[in-house]
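Remarks on the structure that follows.
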Protein chains: 6
Amino acid sequence: MTEKQSIRVGILKCGNIGTSPLLELLLDELADRKDIRVRTVTTGSKMTLEDVEDAIPKMLEFSSDVLVTISPNAALPGPAKAREAFVSSGKPTIVITDAPGKRVKADLEKQGVGYIVITGDPLIGARKEFLDPTEMALFNSNVSKVLAAAGVYRIVQQEIDKVIYAIGAGQTPVLPRLVIDITVVRDNSVFINPYARAKAMAAYGMAEKVADINALACFVEKESLKYIPLVASAHEIAQAAARLADEARETEKCTDSLMRKPHAKDGRLKSKTQLMLDPTFDEGTQAN
Amino acid sequence: MTEKQSIRVGILKCGNIGTSPLLELLLDELADRKDIRVRTVTTGSKMTLEDVEDAIPKMLEFSSDVLVTISPNAALPGPAKAREAFVSSGKPTIVITDAPGKRVKADLEKQGVGYIVITGDPLIGARKEFLDPTEMALFNSNVSKVLAAAGVYRIVQQEIDKVIYAIGAGQTPVLPRLVIDITVVRDNSVFINPYARAKAMAAYGMAEKVADINALACFVEKESLKYIPLVASAHEIAQAAARLADEARETEKCTDSLMRKPHAKDGRLKSKTQLMLDPTFDEGTQAN
Amino acid sequence: MTEKQSIRVGILKCGNIGTSPLLELLLDELADRKDIRVRTVTTGSKMTLEDVEDAIPKMLEFSSDVLVTISPNAALPGPAKAREAFVSSGKPTIVITDAPGKRVKADLEKQGVGYIVITGDPLIGARKEFLDPTEMALFNSNVSKVLAAAGVYRIVQQEIDKVIYAIGAGQTPVLPRLVIDITVVRDNSVFINPYARAKAMAAYGMAEKVADINALACFVEKESLKYIPLVASAHEIAQAAARLADEARETEKCTDSLMRKPHAKDGRLKSKTQLMLDPTFDEGTQAN
Amino acid sequence: MTEKQSIRVGILKCGNIGTSPLLELLLDELADRKDIRVRTVTTGSKMTLEDVEDAIPKMLEFSSDVLVTISPNAALPGPAKAREAFVSSGKPTIVITDAPGKRVKADLEKQGVGYIVITGDPLIGARKEFLDPTEMALFNSNVSKVLAAAGVYRIVQQEIDKVIYAIGAGQTPVLPRLVIDITVVRDNSVFINPYARAKAMAAYGMAEKVADINALACFVEKESLKYIPLVASAHEIAQAAARLADEARETEKCTDSLMRKPHAKDGRLKSKTQLMLDPTFDEGTQAN
Amino acid sequence: MTEKQSIRVGILKCGNIGTSPLLELLLDELADRKDIRVRTVTTGSKMTLEDVEDAIPKMLEFSSDVLVTISPNAALPGPAKAREAFVSSGKPTIVITDAPGKRVKADLEKQGVGYIVITGDPLIGARKEFLDPTEMALFNSNVSKVLAAAGVYRIVQQEIDKVIYAIGAGQTPVLPRLVIDITVVRDNSVFINPYARAKAMAAYGMAEKVADINALACFVEKESLKYIPLVASAHEIAQAAARLADEARETEKCTDSLMRKPHAKDGRLKSKTQLMLDPTFDEGTQAN
Amino acid sequence: MTEKQSIRVGILKCGNIGTSPLLELLLDELADRKDIRVRTVTTGSKMTLEDVEDAIPKMLEFSSDVLVTISPNAALPGPAKAREAFVSSGKPTIVITDAPGKRVKADLEKQGVGYIVITGDPLIGARKEFLDPTEMALFNSNVSKVLAAAGVYRIVQQEIDKVIYAIGAGQTPVLPRLVIDITVVRDNSVFINPYARAKAMAAYGMAEKVADINALACFVEKESLKYIPLVASAHEIAQAAARLADEARETEKCTDSLMRKPHAKDGRLKSKTQLMLDPTFDEGTQAN
């Protein structure tokens, strides 16, 4: 495969969820993958219809082979507009969103887009008495740690990879239809130690609780004396969840059984556990 | 000011450093800022000349009022190309990069671009035996926590805000020329408690050490038995630094003196310490 | 008041929730309270109708002035039988139970019993592959720490104390009608430091999540390979919640502002913050 | 065996030690044991002669097959009275108590009662400037964690189980005569990892030290400025001991070798280590 | 005072306790004290009569104005010989030792030597299956942290300083007669926060327990299967005590009230709390 | 070998580095080694030429078979004088020093002395606003933990042992020429678990960073408002490094694979991993 034949992956981010900031990096962590080229366009933290419409054309001009939109609540007009445009372009389209996105699952299926709903990618505590750029970044750091350690990022990456592999092989890709809740985390875990898995699942469950409390704080409670303690407590849970996510990995380190699944240059996944050994192709690894 | 008059901020990310993933979000953490519109284009983890040249036109088409490039090592051909293109566009241009970027400071000044070099935004342990998408994400999470808690993200955001304010006021912006080392972290800290500040500085110092060890592991050592322990130890330091960054904030929480500096809707910074109170404009806050 | 005139408090525990084991001790932590005598009868971990019917007469023979039943899920036949018997005895009766008890609130009100539903007193992971006496005790330890530090035990104790005070004053007691959720924890907190309160609330919210996951594991999932990871993750959350509960108190210790509210010998509550000072009666403390 | 033939276990708690609150639950952690029925009567935190005499008849009316008293300092009149009454009833009687109980060992043997003295079940810091219901509960939580993790609860439960099994088999039970000090904890540990055992022993040793310091604070020092720091330091040790107890279990989790010994429905103990496997009867497990 | 007039302090270390390794450094932490010269002679870890007799002459040749011996168990022949020789030299002599040294208090007083017995400077777990150079060093690190944070090193240093000051002032020094137990730690604490003090006291109490367990393991138990778990548990307590000692300081940092008492160049102590301010002489500080 | 034939090891400490306080103890941790006698002379924290010249004769009078000097910065006049005197004595001489000592490596080789330069034995934060005896001791405790856990103490001890063995065998010893940097720590690690090793290396790397920051604070910054935060942050890193050093050992404990290498009575090293087993001579262990 020459570089000319790279699959082009286009990602439109509007607004932000915990899976957004690192999404394109997950596909090519060593920056040496020969089979893809990734382009991302974002509208920053805003996700209004106006913002999204401004960004869509640029995204489309990149002539991607597969298109991904990622945003909070896929039911909102901005994200909805983006996926309509992408579907219209005729390219395979994947929607990634958080728990409220579950409500539009039927619509998404009707539109023929793939989707990944991440129930443990929680709403931030978006109250002006609490959230400043630093707090926002720390929350993202904590959520990111949970989603990475719990294997959610890996699930997302592998779903996109599958589509890439199919396109690379000249096949019609099967798009994901996936709601990642705690049972999906459980069933897709690559931890060897069952307690490590339990800790990672616990961290993910806690992230789901963060979402519940922040929704109460942001959409129900109206007085600052009522909602400030709630957003503050939700972010405390996020921090505790991040610590537990670290613990999951530490537990696995103790027996040198931490699974790593780096991309080979041709885009396939290798895997390994013992730290000092080389990663190898799993039997049956799908080539591109 | 009507929304029509928003300042447009364009950000090109090529490759990734710890300041990249959240950069545009730092400018508008509550997604309600009326004075700016932000558009980002990225080339994913790759930063070759070819990738960057592919992305530059899209970035320019967004007609930004200020342009930012962020990448590892600003001396490389890709990032260099981007900033040449941006300077040629006549728009104020700011380069954000990591420690190796110090080497091109003179060039940057000659070009008339602003720059922010972040010595504690460390090189990742990019060795295929170690780095997979999950490890990459966890490293970013740890680095992000350090940079946020140490105030580095706030410094970067305030420098870009200053340029935005100047453009909004019809003035010629003064572009930043800043190398953020541990003494800059010290001198720009908003911690009230001196031990909290010391912990944040310590975390930042540790991040600098991560950079040193990873550079040794990625560019000097050639055998995997030599470099794997080094990248693994560097990432352990990153994790320990993240914990210390958390500790800095926890120390400040004890006296309810944690400073928060959210953006008002008009883009100005408010600030507060006591959690249950409202943020207020600092005296002399620059309006837009 | 002579000791002869002590108010007699009778407590029937059938089955166990996290509030059960220490309940009577909360009323008289120094064992020197002159205004009450407490007697408890329990049926151990079992709560069948047969067990409860066996225990009720003994409880009634103690001639209590106020009767308390505490059990999981107050809707079950055993606990239901106990409160019917107590109501029939004509004595003021209070039901304490966990989240599923919310479903019988209307019934409880119709019966004229007081109730306290504790949503964050979670179902244990009662699966034979996981729960042994040691794990059971550790779970109770963790839950107990959360409920104590979050102020839930204090709320329960104060509600019972209010009834005791009323009886002691020859008044008809007003019985509690209280669902203790995270907002009640928030509104009844005695933490001075708002971050300490947020941490305690967070711990409580996590305990609610424990309940959700254990309900899924105990009542929905049927295969051990499915439910073991769930109960294990729920208990990990309980442990993390206990740590956060400790953190809440530690935060308050830092400014020597930890509130203590011991009972005086006459049953009234005193209170204090600075460790080295004596507790004093709050202004307006209700005497007995 | 039909349920009619259940062995009836009667427990009288007067006053409280760390082993008291969960004692009956340890015997039937899944609430599904067919071979026993448990009834408990308590006098709350008080343990005066008058309180105990009031409770004894109710306990006896439950017609237990084996009787257990648990209290601090078995030498005091209240507990002494209870065991006299139980011995007079002709039923096998077991006394469970804390370190001061060692002094009456000879008397207990003369009376023919079994006894378990737990040297690491420490006196609480019962000083009114320090102890309120919340602090009492937290102390119990910490002590409970230590006793559970160190295997002390299991030893106690197995000793009672042995008596139950003997009665069920129509044999005369051999009553325990056991002082559980750190060497007994060592010799009865079920940890596989020797460092896990060492940590659990360490936690237990720390609990013994808590007892020493609280005895000094409660019985020797007379001025609040002298005894407050002592009770506060003792409770700090209890908290540190609980953390170390957690660590012991965490260490064992790392190799998935944490021993679990749940009761089967017929009352026998099963055991297991690997989390995902079923518990099995140990070879030679005594049936009932 | 010219340097010629420096007071000469001679220290003989035979064998090692936790106070030994840093003893002379405590007197001159900044190496700029003009009023003293310190010379130390040690016999390494050995403390036989032969070793001590070999070292005594060298110590005496340094013509010290005050002589200090420090060793485990001052009752042993080696240490006894050293203090006899020092007393014979006519110089003021101070003996520093651990708990077993209490037994020779009367002798020490008769000899006219000063003494400091440190009950929380614990015997090491000196069993060949456990102790290697690394474990020895880690144990010393942990003990050292406890003794430093609990203020024991400061008490020792101040007692020696008092003698130095007296000699410098031409007075006959009053030698210390001090058994440092937990109540002495309490009464000499310089923590502002009472919880910080309680934590430091707790750490010290734990160190006393380490001594008890190691004495059992080293002098009573004879089989390795019996004593290895004991020494291992004792060292676990030492590690936990060191963490608690750190916590004590961290608690104090939260309000920036950590007391520091550096030596001025003239040997007097200054003191300070707020980190960013200069230390000052306490009112009434004794000059030399 | 009779005791008469013991090899005599003489150590002169002038000034202090983290390897100094425990150095002689590392050679004979159980105080039962028959093949050596150790004598140490120190000048306390001072290391002026005058102090060292005062101490040298006493050191030489001990008629040592091998001489060791240990001090900060071996380039300074005091340490330089000591090693000249030792070389002149004709005895094998080893210099142990910290990072600045690297500058005199060539000189040391010319003099024929052996040397061990420890780059991670960091300069203390010697500023009078920060350093008091307690802070000094805590810093030493933290550094000591890092150097012990990272294996640096063991490397130093083994180098000296090699010289002792050679002398004992009547051979001319080969003196060490060793700069212990992070790669030497890596290559000499005895950790079985590669993550444990990585943590230990990380701790060591952090200690190197402590040195850098303290050098900036002590030798470059002149204003207290500039240098206090730096020394405070350096000591925070030292504390974090000590925690990571503990973590390295804890990781290894999880699989009961912690290596111990005690000295046998004849001075040879034994080794073991499983805690409950006896240490044995490694195959090929060099006898004396």
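Just remember, in the structure tokens the first chain shown is A, the second B, etc., residues are 1-based per chain, and ligands are 1-based in the order shown.
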
**Report entry** Interface residues on chain A facing chain C, 6 Å, only C-alpha atoms, written as a PyMOL selection string
**Finding:** chain A and resi 198-199+201-202+229+232-233+237

Take the residues that were just selected and, keeping N, CA and C atoms, output them as a compact mmCIF listing (two decimals), in the first residue's frame.
```txt
# COMPACT_ATOMS: atom_id res chain seq x y z
N ALA A 198 -12.36 -5.19 38.01
CA ALA A 198 -13.40 -4.66 38.90
C ALA A 198 -13.14 -3.20 39.25
N LYS A 199 -11.89 -2.86 39.45
CA LYS A 199 -11.55 -1.47 39.78
C LYS A 199 -11.83 -0.56 38.58
N MET A 201 -13.99 -1.11 36.19
CA MET A 201 -15.45 -1.01 36.09
C MET A 201 -16.00 -0.05 37.14
N ALA A 202 -15.45 -0.14 38.34
CA ALA A 202 -15.89 0.75 39.42
C ALA A 202 -15.65 2.20 39.03
N PRO A 229 -22.49 22.98 45.58
CA PRO A 229 -22.03 21.75 46.26
C PRO A 229 -22.18 20.51 45.38
N ALA A 232 -19.39 20.50 42.73
CA ALA A 232 -18.12 20.23 43.44
C ALA A 232 -18.04 18.76 43.83
N SER A 233 -19.15 18.19 44.29
CA SER A 233 -19.10 16.78 44.68
C SER A 233 -18.93 15.88 43.45
N ILE A 237 -15.92 13.11 42.76
CA ILE A 237 -16.08 11.71 42.33
C ILE A 237 -15.20 11.44 41.11
```

Query raised in the report: Can you tell me, as number ranges by chain, what residues are no more than 12 Å from Thr134 of chain E when counting only C-alpha atoms, ignoring any on the same chain fewer than 6 positions away?
Result: E: 140-141; F: 22-23, 25-30, 144-158, 190, 245-246, 249, 258-263

Requested in this report: Mind giving me the straight-line distance from atom CA of Val104 of chain B to atom CA of Ser71 of chain B in Å, one decimal?
Outcome: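 Separation between atom CA of Val104 of chain B and atom CA of Ser71 of chain B: 13.4 Å.
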
Query - Polymer residues at most 8 Å from segment 93-99 of chain A, only C-alpha atoms, same-chain spacing of 6 or more positions, as a list of chain:residue names - result: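 Final neighbour list, sorted by chain and number: A:Ile17, A:Val66, A:Leu67, A:Val68, A:Thr69, A:Ile70, A:Ser71, A:Pro72, A:Asn73, A:Ala74, A:Arg83, A:Phe86, A:Val87, A:Val113, A:Gly114, A:Tyr115, A:Ile116, A:Val117, A:Ile118, A:Thr119, A:Gly120, A:Asp121, A:Pro122, A:Leu175, A:Pro176.
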
Using the selection just defined, write its residues with N, CA, C and O atoms as an mmCIF file, in the first residue's frame.
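And here is the file that came out, part17.cif:
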```cif
data_model
loop_
_atom_site.group_PDB
_atom_site.id
_atom_site.type_symbol
_atom_site.label_atom_id
_atom_site.label_comp_id
_atom_site.auth_asym_id
_atom_site.auth_seq_id
_atom_site.Cartn_x
_atom_site.Cartn_y
_atom_site.Cartn_z
ATOM 1 N N ILE A 17 -16.740 16.301 24.778
ATOM 2 C CA ILE A 17 -16.927 15.289 25.812
ATOM 3 C C ILE A 17 -15.553 14.702 26.124
ATOM 4 O O ILE A 17 -14.565 15.038 25.448
ATOM 5 N N VAL A 66 -14.049 8.087 5.699
ATOM 6 C CA VAL A 66 -14.984 7.802 6.781
ATOM 7 C C VAL A 66 -15.083 9.069 7.612
ATOM 8 O O VAL A 66 -14.091 9.782 7.807
ATOM 9 N N LEU A 67 -16.296 9.341 8.087
ATOM 10 C CA LEU A 67 -16.514 10.586 8.823
ATOM 11 C C LEU A 67 -17.012 10.271 10.216
ATOM 12 O O LEU A 67 -17.864 9.400 10.402
ATOM 13 N N VAL A 68 -16.462 11.011 11.180
ATOM 14 C CA VAL A 68 -16.854 10.820 12.566
ATOM 15 C C VAL A 68 -17.289 12.161 13.134
ATOM 16 O O VAL A 68 -16.612 13.168 12.929
ATOM 17 N N THR A 69 -18.433 12.180 13.809
ATOM 18 C CA THR A 69 -18.769 13.380 14.593
ATOM 19 C C THR A 69 -18.751 12.978 16.047
ATOM 20 O O THR A 69 -19.173 11.893 16.409
ATOM 21 N N ILE A 70 -18.250 13.874 16.864
ATOM 22 C CA ILE A 70 -18.253 13.621 18.304
ATOM 23 C C ILE A 70 -18.720 14.887 19.004
ATOM 24 O O ILE A 70 -18.244 15.984 18.704
ATOM 25 N N SER A 71 -19.652 14.709 19.925
ATOM 26 C CA SER A 71 -20.228 15.857 20.623
ATOM 27 C C SER A 71 -21.020 15.366 21.819
ATOM 28 O O SER A 71 -21.371 14.193 21.887
ATOM 29 N N PRO A 72 -21.284 16.264 22.772
ATOM 30 C CA PRO A 72 -22.270 15.918 23.795
ATOM 31 C C PRO A 72 -23.631 15.777 23.107
ATOM 32 O O PRO A 72 -23.829 16.280 21.987
ATOM 33 N N ASN A 73 -24.535 15.141 23.810
ATOM 34 C CA ASN A 73 -25.938 15.051 23.408
ATOM 35 C C ASN A 73 -26.211 15.140 21.905
ATOM 36 O O ASN A 73 -26.562 16.204 21.377
ATOM 37 N N ALA A 74 -26.108 14.054 21.196
ATOM 38 C CA ALA A 74 -26.246 14.043 19.741
ATOM 39 C C ALA A 74 -27.623 14.488 19.260
ATOM 40 O O ALA A 74 -27.841 14.667 18.064
ATOM 41 N N ARG A 83 -24.367 15.397 11.234
ATOM 42 C CA ARG A 83 -24.458 14.011 10.743
ATOM 43 C C ARG A 83 -25.345 13.914 9.510
ATOM 44 O O ARG A 83 -25.127 13.075 8.656
ATOM 45 N N PHE A 86 -23.090 14.699 6.713
ATOM 46 C CA PHE A 86 -22.133 13.626 6.449
ATOM 47 C C PHE A 86 -22.826 12.457 5.742
ATOM 48 O O PHE A 86 -22.277 11.856 4.818
ATOM 49 N N VAL A 87 -24.027 12.149 6.230
ATOM 50 C CA VAL A 87 -24.765 11.077 5.563
ATOM 51 C C VAL A 87 -25.018 11.445 4.104
ATOM 52 O O VAL A 87 -24.852 10.624 3.190
ATOM 53 N N VAL A 113 -26.388 5.751 10.259
ATOM 54 C CA VAL A 113 -25.064 6.072 10.798
ATOM 55 C C VAL A 113 -24.735 5.083 11.894
ATOM 56 O O VAL A 113 -25.627 4.530 12.544
ATOM 57 N N GLY A 114 -23.454 4.838 12.071
ATOM 58 C CA GLY A 114 -23.009 4.076 13.227
ATOM 59 C C GLY A 114 -23.009 4.969 14.452
ATOM 60 O O GLY A 114 -22.968 6.200 14.332
ATOM 61 N N TYR A 115 -23.067 4.365 15.596
ATOM 62 C CA TYR A 115 -23.002 5.224 16.794
ATOM 63 C C TYR A 115 -22.319 4.482 17.937
ATOM 64 O O TYR A 115 -22.358 3.259 18.036
ATOM 65 N N ILE A 116 -21.702 5.278 18.780
ATOM 66 C CA ILE A 116 -21.133 4.793 20.045
ATOM 67 C C ILE A 116 -21.574 5.771 21.124
ATOM 68 O O ILE A 116 -21.186 6.942 21.105
ATOM 69 N N VAL A 117 -22.417 5.284 22.008
ATOM 70 C CA VAL A 117 -22.883 6.111 23.123
ATOM 71 C C VAL A 117 -22.114 5.687 24.363
ATOM 72 O O VAL A 117 -22.090 4.509 24.715
ATOM 73 N N ILE A 118 -21.476 6.647 25.021
ATOM 74 C CA ILE A 118 -20.606 6.340 26.163
ATOM 75 C C ILE A 118 -21.275 6.873 27.426
ATOM 76 O O ILE A 118 -21.195 8.062 27.737
ATOM 77 N N THR A 119 -21.927 5.994 28.156
ATOM 78 C CA THR A 119 -22.717 6.456 29.314
ATOM 79 C C THR A 119 -21.841 6.993 30.438
ATOM 80 O O THR A 119 -22.313 7.753 31.278
ATOM 81 N N GLY A 120 -20.585 6.599 30.451
ATOM 82 C CA GLY A 120 -19.691 7.058 31.516
ATOM 83 C C GLY A 120 -18.779 8.184 31.071
ATOM 84 O O GLY A 120 -17.733 8.410 31.673
ATOM 85 N N ASP A 121 -19.155 8.885 30.018
ATOM 86 C CA ASP A 121 -18.433 10.096 29.603
ATOM 87 C C ASP A 121 -19.295 11.250 30.089
ATOM 88 O O ASP A 121 -20.194 11.721 29.409
ATOM 89 N N PRO A 122 -19.012 11.734 31.289
ATOM 90 C CA PRO A 122 -20.002 12.542 32.003
ATOM 91 C C PRO A 122 -20.002 14.029 31.633
ATOM 92 O O PRO A 122 -18.962 14.606 31.327
ATOM 93 N N LEU A 175 -21.002 -0.617 10.424
ATOM 94 C CA LEU A 175 -20.818 0.487 11.371
ATOM 95 C C LEU A 175 -21.229 0.053 12.778
ATOM 96 O O LEU A 175 -22.126 -0.770 12.955
ATOM 97 N N PRO A 176 -20.566 0.616 13.795
ATOM 98 C CA PRO A 176 -20.859 0.212 15.172
ATOM 99 C C PRO A 176 -22.241 0.684 15.628
ATOM 100 O O PRO A 176 -22.700 1.762 15.221
#
```

Query raised in the report: In Å, with one decimal, what is the gap from atom CA of Arg39 of chain C to atom CA of Gly15 of chain D?
Result: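 Atom CA of Arg39 of chain C sits 11.4 Å away from atom CA of Gly15 of chain D.
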